[in-house]
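Q: What follows is upload32.cif; its format and atoms are mmCIF, C-alpha atoms.
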data_coords
#
loop_
_atom_site.label_atom_id
_atom_site.label_comp_id
_atom_site.auth_asym_id
_atom_site.auth_seq_id
_atom_site.Cartn_x
_atom_site.Cartn_y
_atom_site.Cartn_z
CA MET A 1 -32.42 7.36 38.99
CA THR A 2 -29.33 7.80 36.90
CA SER A 3 -28.99 5.77 33.75
CA SER A 4 -25.95 3.88 35.12
CA LYS A 5 -27.92 2.79 38.19
CA ARG A 6 -30.84 1.80 35.99
CA LEU A 7 -28.49 -0.19 33.75
CA ILE A 8 -27.03 -2.01 36.76
CA ARG A 9 -30.49 -2.71 38.18
CA THR A 10 -31.53 -4.16 34.83
CA ALA A 11 -28.31 -6.03 34.04
CA PHE A 12 -28.01 -7.82 37.39
CA PRO A 13 -31.25 -9.88 37.14
CA LEU A 14 -30.46 -10.59 33.50
CA SER A 15 -26.99 -11.88 34.44
CA MET A 16 -28.52 -14.04 37.19
CA LEU A 17 -30.99 -15.44 34.66
CA LEU A 18 -28.15 -16.29 32.26
CA ALA A 19 -26.14 -17.87 35.10
CA CYS A 20 -29.18 -20.03 35.98
CA ALA A 21 -29.49 -21.14 32.36
CA PHE A 22 -25.79 -22.03 32.25
CA LEU A 23 -25.94 -23.94 35.53
CA TRP A 24 -29.13 -25.74 34.44
CA THR A 25 -27.39 -27.03 31.32
CA HIS A 26 -24.41 -28.08 33.47
CA ILE A 27 -26.67 -30.02 35.85
CA ALA A 28 -28.68 -31.55 33.03
CA SER A 29 -25.53 -32.76 31.25
CA ASN A 30 -23.83 -34.12 34.39
CA PRO A 31 -24.38 -37.90 34.57
CA ALA A 32 -23.82 -37.95 38.34
CA MET A 33 -26.71 -35.52 38.83
CA LEU A 34 -28.98 -37.48 36.51
CA ASN A 35 -28.59 -40.67 38.58
CA VAL A 36 -29.99 -38.96 41.70
CA PRO A 37 -33.78 -39.09 42.14
CA ASN A 38 -35.29 -35.90 40.75
CA ALA A 39 -38.36 -35.37 42.93
CA VAL A 40 -37.70 -34.85 46.62
CA GLY A 41 -34.14 -35.42 47.65
CA PRO A 42 -30.61 -34.32 46.90
CA GLY A 43 -31.16 -34.35 43.15
CA GLY A 44 -34.24 -32.17 43.29
CA TRP A 45 -32.95 -29.29 45.40
CA PRO A 46 -30.42 -27.79 42.95
CA LYS A 47 -32.97 -27.82 40.16
CA ALA A 48 -35.70 -26.36 42.37
CA MET A 49 -33.41 -23.57 43.60
CA LEU A 50 -32.26 -22.75 40.07
CA ALA A 51 -35.83 -22.70 38.79
CA GLY A 52 -36.88 -20.39 41.63
CA LEU A 53 -33.89 -18.09 41.13
CA ALA A 54 -34.51 -17.99 37.38
CA PHE A 55 -38.20 -17.17 37.88
CA PHE A 56 -37.54 -14.31 40.30
CA SER A 57 -34.63 -13.02 38.21
CA LEU A 58 -36.92 -12.90 35.18
CA LEU A 59 -39.59 -11.16 37.26
CA ALA A 60 -37.09 -8.55 38.56
CA PHE A 61 -35.77 -8.01 35.03
CA LEU A 62 -39.27 -7.44 33.65
CA VAL A 63 -40.15 -5.03 36.48
CA GLU A 64 -36.97 -3.01 35.86
CA LEU A 65 -37.63 -2.93 32.12
CA ASN A 66 -41.16 -1.71 32.79
CA ASN A 67 -39.89 1.01 35.16
CA TRP A 68 -37.32 2.06 32.56
CA ARG A 69 -40.04 2.20 29.88
CA ILE A 70 -42.30 4.31 32.10
CA SER A 71 -39.52 6.76 32.97
CA ALA A 72 -38.53 7.06 29.31
CA ARG A 73 -42.16 7.64 28.28
CA ASP A 74 -42.59 10.33 30.94
CA GLY A 75 -39.34 11.97 29.83
CA ASN A 76 -37.53 11.77 33.13
CA ASP A 77 -34.81 9.46 34.33
CA THR A 78 -35.32 9.93 38.05
CA THR A 79 -37.61 8.39 40.58
CA GLN A 80 -40.90 10.19 41.16
CA ASN A 81 -40.03 11.44 44.64
CA GLY A 82 -36.34 11.94 43.95
CA GLU A 83 -33.68 9.74 45.44
CA LYS A 84 -34.80 8.27 48.73
CA ALA A 85 -32.74 9.13 51.77
CA ASN A 86 -30.44 6.42 53.02
CA ASN A 87 -31.80 5.71 56.49
CA GLY A 88 -29.23 3.08 57.40
CA SER A 89 -30.73 0.42 55.17
CA ALA A 90 -27.44 -0.05 53.33
CA VAL A 91 -25.65 -0.73 56.62
CA MET A 92 -28.35 -3.21 57.64
CA ALA A 93 -28.11 -4.92 54.25
CA ILE A 94 -24.35 -5.31 54.61
CA ALA A 95 -24.79 -6.54 58.19
CA GLY A 96 -27.40 -9.03 56.92
CA VAL A 97 -24.96 -10.38 54.35
CA GLY A 98 -22.35 -10.66 57.11
CA VAL A 99 -24.77 -12.62 59.32
CA ILE A 100 -25.55 -14.97 56.42
CA LEU A 101 -21.83 -15.56 55.82
CA ILE A 102 -21.19 -16.17 59.52
CA TYR A 103 -24.11 -18.62 59.53
CA GLY A 104 -22.59 -20.51 56.62
CA PHE A 105 -19.20 -20.69 58.31
CA ALA A 106 -20.72 -21.68 61.69
CA ILE A 107 -22.68 -24.70 60.41
CA PRO A 108 -19.68 -27.09 60.30
CA TYR A 109 -18.75 -26.21 63.88
CA LEU A 110 -22.11 -25.73 65.61
CA GLY A 111 -24.16 -28.04 63.44
CA PHE A 112 -27.15 -27.13 61.28
CA ALA A 113 -29.70 -27.19 64.12
CA LEU A 114 -27.93 -24.83 66.54
CA ALA A 115 -26.54 -22.55 63.82
CA THR A 116 -29.99 -22.21 62.25
CA PHE A 117 -31.61 -21.46 65.61
CA LEU A 118 -29.02 -18.74 66.34
CA PHE A 119 -29.32 -17.38 62.80
CA ILE A 120 -33.09 -17.00 63.09
CA VAL A 121 -32.75 -15.33 66.52
CA THR A 122 -30.19 -12.89 65.09
CA TRP A 123 -32.32 -12.22 62.02
CA CYS A 124 -35.36 -11.47 64.20
CA LEU A 125 -33.33 -9.08 66.33
CA MET A 126 -31.99 -7.34 63.22
CA GLY A 127 -35.56 -7.04 61.99
CA GLN A 128 -36.36 -5.22 65.25
CA ILE A 129 -38.59 -7.93 66.64
CA ARG A 130 -38.24 -7.49 70.39
CA SER A 131 -40.81 -9.86 71.88
CA PRO A 132 -38.95 -12.78 73.51
CA ILE A 133 -41.96 -15.04 72.99
CA THR A 134 -42.12 -14.23 69.27
CA ILE A 135 -38.39 -14.66 68.79
CA SER A 136 -38.40 -17.96 70.70
CA LEU A 137 -41.38 -19.41 68.86
CA VAL A 138 -40.21 -18.33 65.40
CA SER A 139 -36.70 -19.65 66.04
CA ILE A 140 -37.74 -22.98 67.55
CA ILE A 141 -40.56 -23.72 65.10
CA GLY A 142 -38.52 -22.52 62.12
CA THR A 143 -35.56 -24.70 63.07
CA ILE A 144 -37.75 -27.76 63.64
CA VAL A 145 -39.56 -27.27 60.31
CA LEU A 146 -36.24 -26.96 58.47
CA LEU A 147 -34.86 -30.04 60.22
CA TYR A 148 -37.88 -32.13 59.27
CA MET A 149 -37.86 -30.78 55.72
CA PHE A 150 -34.18 -31.45 55.08
CA VAL A 151 -33.34 -34.42 57.31
CA ALA A 152 -36.59 -36.38 57.51
CA LEU A 153 -38.29 -35.54 54.21
CA ALA A 154 -35.41 -34.88 51.81
CA LYS A 155 -33.01 -37.32 53.52
CA MET A 156 -30.18 -34.80 53.37
CA PRO A 157 -27.36 -35.51 55.85
CA LEU A 158 -26.96 -32.11 57.49
CA ASN A 159 -23.83 -31.21 59.40
CA ARG A 160 -24.09 -32.07 63.09
CA GLY A 161 -21.09 -30.00 64.19
CA VAL A 162 -18.06 -30.82 66.27
CA GLU A 163 -18.19 -32.21 69.82
CA PRO A 164 -20.12 -31.42 72.06
CA PHE A 165 -22.54 -30.05 69.45
CA ASN A 166 -22.51 -33.35 67.56
CA GLN A 167 -23.94 -35.24 70.54
CA TRP A 168 -26.42 -32.46 71.23
CA THR A 169 -27.66 -32.57 67.61
CA ILE A 170 -28.04 -36.37 67.73
CA SER A 171 -30.00 -36.05 70.98
CA LEU A 172 -32.23 -33.40 69.39
CA TYR A 173 -32.84 -35.63 66.36
CA ARG A 174 -33.84 -38.48 68.69
CA VAL A 175 -36.21 -36.28 70.69
CA LEU A 176 -37.80 -35.09 67.44
CA ARG A 177 -37.85 -38.71 66.18
CA ILE A 178 -35.88 -37.77 63.08
CA TYR A 179 -33.55 -40.69 63.80
#
Could you render the structure as structure tokens?
A:
Amino acid sequence: MTSSKRLIRTAFPLSMLLACAFLWTHIASNPAMLNVPNAVGPGGWPKAMLAGLAFFSLLAFLVELNNWRISARDGNDTTQNGEKANNGSAVMAIAGVGVILIYGFAIPYLGFALATFLFIVTWCLMGQIRSPITISLVSIIGTIVLLYMFVALAKMPLNRGVEPFNQWTISLYRVLRIY
């Protein structure tokens, strides 16, 4: 691996860790955030996500530093098997980011429940899962678990979408006894 790629792979998790530290101080000094209950609920999620992102950024940074140390000790600055061939994984990664962005933009129109169901179906298909039973079960159970976690447990008002999706989402919530 070239030294510029190694530097980027090391600097990115470090920058994410610094961004988490900055955002944590912003949240901790914001009086509006301090008035929200900290455990489960709207006040707890930003802190939990920042703590998780900080932990995994630190972990990625330490792994990259260790890899850099090992390659410097061995006297080479390349991967052991040479650069791996690009087998379309970069295209799939870009497509995955596109699907995530489309999901984010679709939530206000389709509602969280339907957009999440379609997102999980798409993600399974992109992951080359072809069994209709597996895709159906993962999508339905995953959507229901997320609905209960966010709407019932955390009391977060998720977007229900525009009509007719709004009425469909309300009917789904009633069937699931969320409302």
Q: So which residues get picked by the PyMOL selection byres ((chain A and resi 96) around 12) here, written as a list in words?
A: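 When the PyMOL selection byres ((chain A and resi 96) around 12) is applied, the selected residues are Ser89, Ala90, Val91, Met92, Ala93, Ile94, Ala95, Val97, Gly98, Val99, Ile100, Leu101, Ile102, Tyr103, Phe119, Ile120, Thr122, Trp123, Cys124, Leu125, Met126 and Gly127 of chain A.
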Q: What is the distance, in Å and to one decimal place, between CA of Phe55 in chain A and CA of Leu14 in chain A?
A: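 It comes out at 11.1 Å.
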Q: Which distance in Å separates CA of Ala154 in chain A and CA of Ser171 in chain A, to one decimal?
A: 20.0 Å
Q: List, as an MDAnalysis selection string, every residue that the PyMOL selection byres ((chain A and resi 107-116) around 12) selects in the file provided.
A: chainID A and resid 99:106 117:123 138:148 150:151 156:173 176
Q: Choose the residue, out of A:Leu7, A:Ala152, A:Leu53, A:Ile27, that has the smallest atom-to-atom separation from Asn67 in chain A; count all atoms listed in the file.
A: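 Going through A:Leu7, A:Ala152, A:Leu53, A:Ile27 one by one, the smallest distance to Asn67 in chain A is for A:Leu7.
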